[in-house]
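Q: The structure is given below, and queries will be raised subsequently.
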Amino acid sequence: MVFYQDVVLRLKKYWADRGCVIQEPFDMEVGAGTMCPETFLRVLGPKPHKVAYVQPSRRPADGRYGENPNRLYKHQQLQVILKPSPPDVIDQYLGSLESIGVDLSKHDIRFEEDNWESPTLGAWGVGWQVMLDGLEITQFTYFQQCGGVDLDLVPAELTYGLERLTAFIQGVESIYDIQWAPGFTYRDVRYLDEYQMSVYNFEAASVERLWQLFAIHEAEAKDLLARENAPVLAAHEQVLKCSNIFNLLDARGAISVTERVGVIARVRKIAVAVANAWVAQQLEAAA
Amino acid sequence: MKFLLEVGVEEVPDWMLPDAIAHLRAQIKALPLKVTLAEATPRRLAVVADRVPSREPDRTEIVKGPPLAAPPQAVEGFARKHGVDPASLEKTEAFYQFTKRIPGRAMAEILSEKLPPMILGIPWPKTMLWPGKGGARFIRPIRWIVALLGKDVVPFAINGVESGNTTRGHRQLGKKKPVRVSIASYEKTLEKNGVILRASTRREKILAEVGQDTPLLDAHVYLNEWPTALHGGFDPSYLSLPAEVLETVMRHHQKYFAVRGEDGKLAPAFIAVMNRKDDPDGLIRAGNERVLRARFNDARFFFDFDQKKKLVDRVEDLKHVTFHKDIGSYYDKVHRMAALCEDETSKRAAMLSKTDLTTEMVKEFTELQGIVGGRYAEVQGEPQAVATAIYEHYRPLSMEDSIPATAAGQMVAFADKFDTLTEMFRIGQTPSGSKDPFALRRAAQGIVRILVEGEIRPAMPMSDALREFLLDRVRYYFRDVKGFAYDEVNAVIAAGWGDLKDVRSRLDAVKAVRKSENFEPLAASFKRIKNILKQADFTPERPVDGTLLEPGPEAELAARFREVKSRLSGGYASQLETIASLRPAVDAFFDKVLVNAKDAAVRANRLTLLFELMREFSQVADFSEIVTNQ
C-alpha cells in the first residue's frame with residue numbers, strides 16, 4: 001500500500017534529489033500554491049529558483065460539508081517550481097509519477113491544452129492538464145506573466161492534486177477513503193475540517209465583518225507599499241488576506257456580478273503593485 | 001536529393017495542428033521545393049521534399065556600362081572593375097554592358113538561413129516565451145529538430161536547440177533515447193517507435209474502431225500519436241439523469257464518444273481513445289470508468305440538490321442575477337420577454353426560461369443553459385409545450401443550428417433575442433466593426449431565421465437604429481446565406497419587409513421569373529418610368545381620364561393595364577409573369593408616345609397612367625431596383 005503520506009514524502013524526495021529547496025507550506029490561507037511568495041514572487045526577476053512544497057489550498061465555494069466524495073473545501077497541492085524550466089522537464093515530471101508507483105507502461109498519459117489565468121494576480125501562463133487514464137492529476141504551466149510583469153526566465157509550475165493522485169493509486173472511489181497513514185483514513189484526519197468550515201463558509205461567516213476585514217487588509221497593503229524600502233513580503237501577505245476574504249464573500253453569495261469585477265480589480269491593483277515593488281527591489285539588489 | 005524537416009515540440013494543442021502544418025507545407029513549397037509529405041502529430045511537424053537540387057540554379061544579371069561615346073579609358077575601367085575582358089563587352093544602341101553570371105548558392109546554405117525564421121513564423125493562435133524574455137516565441141518549447149538534406153544535416157539552431165539527425169518516438173511506446181533517422185526510413189522508424197505519422201492513417205484507425213465520425217474524432221487524430229479505442233461502461237442507473245448532461249460529461253469533459261442503442265437512446269457505455277496500443281491489464285479501462293463515475297456522481301448530486309427548489313420558485317431569485325449592469329436583472333428581463341410573447345404557453349415558458357441560471361447543474365455545465373431548464377420543467381410537471389419552449393429557446397446557436405421546432409419555442413427564442421437587442425440599443429451598446437461583445441449580430445440573425453423559417457409573426461416595436469440593424473441582417477441572410485442576387489433582394493425589400501416569410505416567397509418568384517425574356521426589359525422600362533416621375537416631381541390629382549387617352553399605343557397600354565390588373569391572381573411567380581406580359585405594350589408606348597405632351601392635361605393624364613402602373617405592379621418587387629443591361 002502506498003499511503004497518502006508516502007506519496008507526499010516520495011515526491012518531496014524526488015524533487016529534492018533534483019535540486020529543489022523543500023519548503024514547508026506557507027502559513028496563511030491561500031486558494032492555490034501559486035499565490036504563495038515562493039511562487040508568486042520568486043518567479044519574478046532574473047534569479048533562478050527551484051522549490052517544492054505541499055500547500056493546503058482553500059476554495060470556500062467548493063466545500064460540500066464533507067458529503068461529496070470528490071470535492072473539497074481544502075485540498076492539498078504539491079507545488080513544484082523549476083525556474084528556468086529545464087529542457088527535459090516533462091521527462092522529469094513523468095519520472096516523478098513512476099517514483100510514486102505509477103507504472104507508465106500500463107497507463108495512458110496525455111497532455112491536453114489548458115492555459116491558466118488568474119485575473120486577481122495579474123498572472124497567466126500556458127500549459128496542459130495532465131490526464132492519467134482520463135483523470136486530471138496535474139496542472140502544468142509555463143508562467144508568462146505575474147502581477148502584470150513579463151518573466152525574465154520562464155518557469156515550469158507543476159501542481160499535483162495529491163488527493164486525486166492518491167485515490168488513483170489506491171484505487172478508491174471516495175477521497176475520504178484514502179489511506180493517509182497506517183490506521184488513518186483521509187476521513188479520520190480531515191472530515192471535521194471540511195464539515196465545520198463549510199458551515200462557516202456558507203452560513204456562519206459575517207458578511208459585514210468580512211467586508212470590514214477586506215478594507216482593513218487592503219489599506220494595510222497600500223500603507224506598506226507606500227513606505228520607502230517597502231516590506232514587500234508583508235504587503236504580499238495582506239494581498240493574500242484580501243484574496244481569501246474575497247473568496248469567502250463569494251461563497252456567502254455576497255458579491256453581485258456587478259460588484260465582482262470591481263472587487264477583483266481592487267485585489268489585482270495591490271497584487272500588481274507588490275509584484276512591481278518586488279522586481280524593483282531585486283534589480284536594486286543586483287545593481 | 002530528398003529533404004526532411006521535423007520540428008519536435010512538447011504537446012501542441014490538437015486544434016492548432018492542421019493550420020500549422022498547412023502553413024509550413026506552403027512555406028517550404030514556396031522555396032520552391034516539391035513537398036511530398038507534410039504531417040503533424042501532437043509532438044512533431046514533419047515535411048519531406050523530393051528532387052531537391054543541391055544548388056539553386058545560376059542566375060544572370062545585366063550590368064550596364066558607360067555610353068558608347070565614352071572615352072576608351074572609361075570603358076576599360078568599367079571592364080576591369082568587373083574583371084572582364086573589354087573585348088567581351090556587349091553593345092546596346094547606346095551603352096556598353098555585359099551579362100554577369102551569378103552562381104546559385106548551395107541548397108544547404110539556403111535552408112540553414114531560411115528555416116529558422118520559417119519555423120518561428122508559423123502563426124499560432126497563442127504563443128509562449130521560452131526560455132524567457134528576449135527568447136523566441138512558439139506554441140510550446142521546441143525540444144529537437146531533424147533537418148536532413150540527403151544524408152547531411154542542415155545546420156541551424158533555434159533558441160539553442162540545434163538541428164540534427166535524431167528524432168524521438170512516442171513517450172511510452174518509443175525508445176527512451178533519441179533515435180537516429182534517415183529520410184528513406186523516417187516513417188518506418190517512427191512507426192517502430194510508436195508513432196503513426198500520417199493523420200489520415202490515424203483518422204481511419206479511430207473511425208474503424210469507434211464507428212462515429214464527429215468533430216471529437218478530429219480532436220483525437222491530433223491528440224494521439226498511436227490512437228486506440230477503448231470501450232467502457234457505466235451503471236445504467238445514471239441513465240435517469242438528463243441525457244444531455246451525460247453526453248456533455250462524456251464528450252466535452254472526458255472526450256469520450258457516447259454510445260446509442262438501436263432505439264436511439266443512450267446506452268450505458270462509452271468509447272475513449274487512448275494514446276497506446278493496448279490495455280493488457282484493464283487498468284486504463286477501470287481508471288476511465290472510475291473518473292466517469294465520479295463525474296456522474298457529481299451530476300447526480302447537482303440534480304437531486306436542484307430538485308429541492310422548483311423552477312417556478314426560482315423566478316424571485318433572478319432578481320440577484322444581473323443581466324447587464326445598466327439594464328438590470330434577469331428578473332426584469334423575463335418579465336419583458338413574457339410581455340413580448342403572445343400566448344399563455346410562451347408567456348409561462350418565458351418566465352421560467354432563465355431560472356436554470358440559479359441551478360447547480362448550470363453553474364457546473366454552463367453550456368447546458370436552457371437544456372437543463374427544459375428537462376427540469378418536464379420533471380417538475382410543467383406542460384410539455386412549456387418545457388420544450390424553455391429547452392430550445394437559445395436556438396439557433398449558429399447558422400448551422402436549426403431554429404426551435406415549436407411555435408412556443410420560436411416565440412420565447414424571439415422574445416429573448418429581441419429583448420436583448422432592444423435593451424442593448426437603448427443603452428447604446430451597439431456593435432461596431434468587428435466588436436460585438438454581446439453577439440447582437442447573432443441574435444438578430446436568429447430573429448431573421450425564426451421569422452423566415454418559423455411560424456410566428458410577433459409584433460416588433462423598434463427604434464430606427466434597431467430597424468436599420470435588423471434590415472442589414474435581413475439583407476445578409478437572403479444574399480450571403482440564401483444566395484439571392486443583391487438587386488433581387490433590394491427590389492423585394494423596397495416593396496416592403498414587414499413579413500419576412502412573404503419576402504422569401506417574393507424573392508423566390510423574382511428569381512424564378514427573372515430569366516424569362518420579358519422580365520429584364522420590363523424592369524428597364526420601370527426604371528425609366530421611375531425616372532420620368534421623379535423628374536416631373538409628379539403626384540396625380542385625379543384618376544386616369546379615358547377620354548384624354550390618345551388612340552393607339554397609349555390607349556392600348558391603358559387597356560392592357562386594366563386587363564393585367566384584373567388577371568393578377570395566384571402565386572407571386574404567376575403574378576410576375578402576368579406583369580411581364582405588359583412588356584410589348586410598354587415598349588410600344590415609349591416608342592410612339594411622347595410623355596411630355598404640349599397639352600398640360602394630356603401630360604398629367606399620361607403621368608398618372610405611368611404612376612398607377614408603377615404603384616400597382618411594385619407590390620411584389622420594385623422592378624426599378626433590378627440591374628439590367630439595357
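Convention: chains lettered A, B, ... in C-alpha cells order; per-chain residue numbering from 1; ligands numbered from 1 as shown.
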Show me, as an NGL selection string, every residue of chain B with an atom at most 9 Å from chain A, counting only C-alpha atoms.
A: :B and (10-14 or 126-134 or 139-141 or 143 or 171-173 or 223-224 or 254-255 or 272 or 274-276 or 278-295 or 297-298 or 301 or 320-325)
Q: Based on DSSP run over this structure's backbone, return all residues of stretch 60-134 of chain B in strand (DSSP E or B), as a PyMOL selection string.
A: chain B and resi 60-67+90-91+95-102+106+128-129+132
Q: With only C-alpha atoms as the atoms that count, which of B:Ile529, B:Ala512, B:Ala585, B:Val481 lies nearest to B:Glu400?
A: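 Under the stated criterion, the closest residue is B:Val481.
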Q: One decimal, Å: what's the distance from atom CA of B:Val474 over to atom CA of B:Met399, could you say?
A: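 One can read the atom CA of B:Val474 to atom CA of B:Met399 distance as 13.5 Å.
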Q: What's the 12 Å shell around A:Leu224, counting only C-alpha atoms, without same-chain residues fewer than 3 positions away, as a PyMOL selection string?
A: chain A and resi 217-221+227-239+270+273-274+277
Q: How many Å lie between atom CA of A:Val51 and atom CA of B:Lys176, rounded to one decimal?
A: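 Between these atoms lies a distance of 26.9 Å.
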Q: Per DSSP on the backbone, what are the helix (DSSP H, G or I) residues of stretch 63-207 of chain A, as a PyMOL selection string?
A: chain A and resi 89-99+104-106+119-121+162-170+175-177+186-204+207
Q: When distances are computed from only C-alpha atoms, which of A:Asp6, A:Ser99, A:Gln76, A:Tyr160 shows the smallest separation from A:Gln129?
A: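 Of A:Asp6, A:Ser99, A:Gln76, A:Tyr160, the one nearest A:Gln129, counting only C-alpha atoms, is A:Tyr160.
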Q: Calculated over only C-alpha atoms, which of the candidates B:Gly571, B:Pro227, B:Pro458, B:Pro584 has the smallest distance to B:Pro553?
A: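 For B:Pro553, the nearest of the given residues is B:Pro584.
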Q: Residues at most 12 Å from B:Glu382, counting only C-alpha atoms, excluding those fewer than 6 positions away in the same chain, as a list in words?
A: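 Here the qualifying residues turn out to be Lys310, Leu311, Val312, Thr345, Arg348, Ala349, Leu352, Gly373, Gly374, Arg375, Tyr376, Thr388, Ala389 and Ile390 of chain B.
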Q: Mind giving me the straight-line distance from atom CA of B:Val273 to atom CA of B:Leu230 in Å, one decimal?
A: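 That distance, rounded to one decimal, is 5.7 Å.
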Q: Excluding stretch 58-66 of chain A and residues on its chain fewer than 2 positions from it, collect all residues at most 8 Å away from it, counting only C-alpha atoms, and give them as a list of chain:residue names.
A: A:Glu29, A:Val30, A:Gly31, A:Ala32, A:Pro56, A:Asn68, A:Pro69, A:Arg71, A:Leu72, A:Tyr73, A:Lys74, A:His75, A:Tyr191, A:Leu192, A:Glu194, A:Tyr195, A:Gln196, A:Met197, A:Ser198, A:Val199, A:Asn201, A:Phe202, A:Asn247, A:Leu248, A:Asp250, A:Ala251
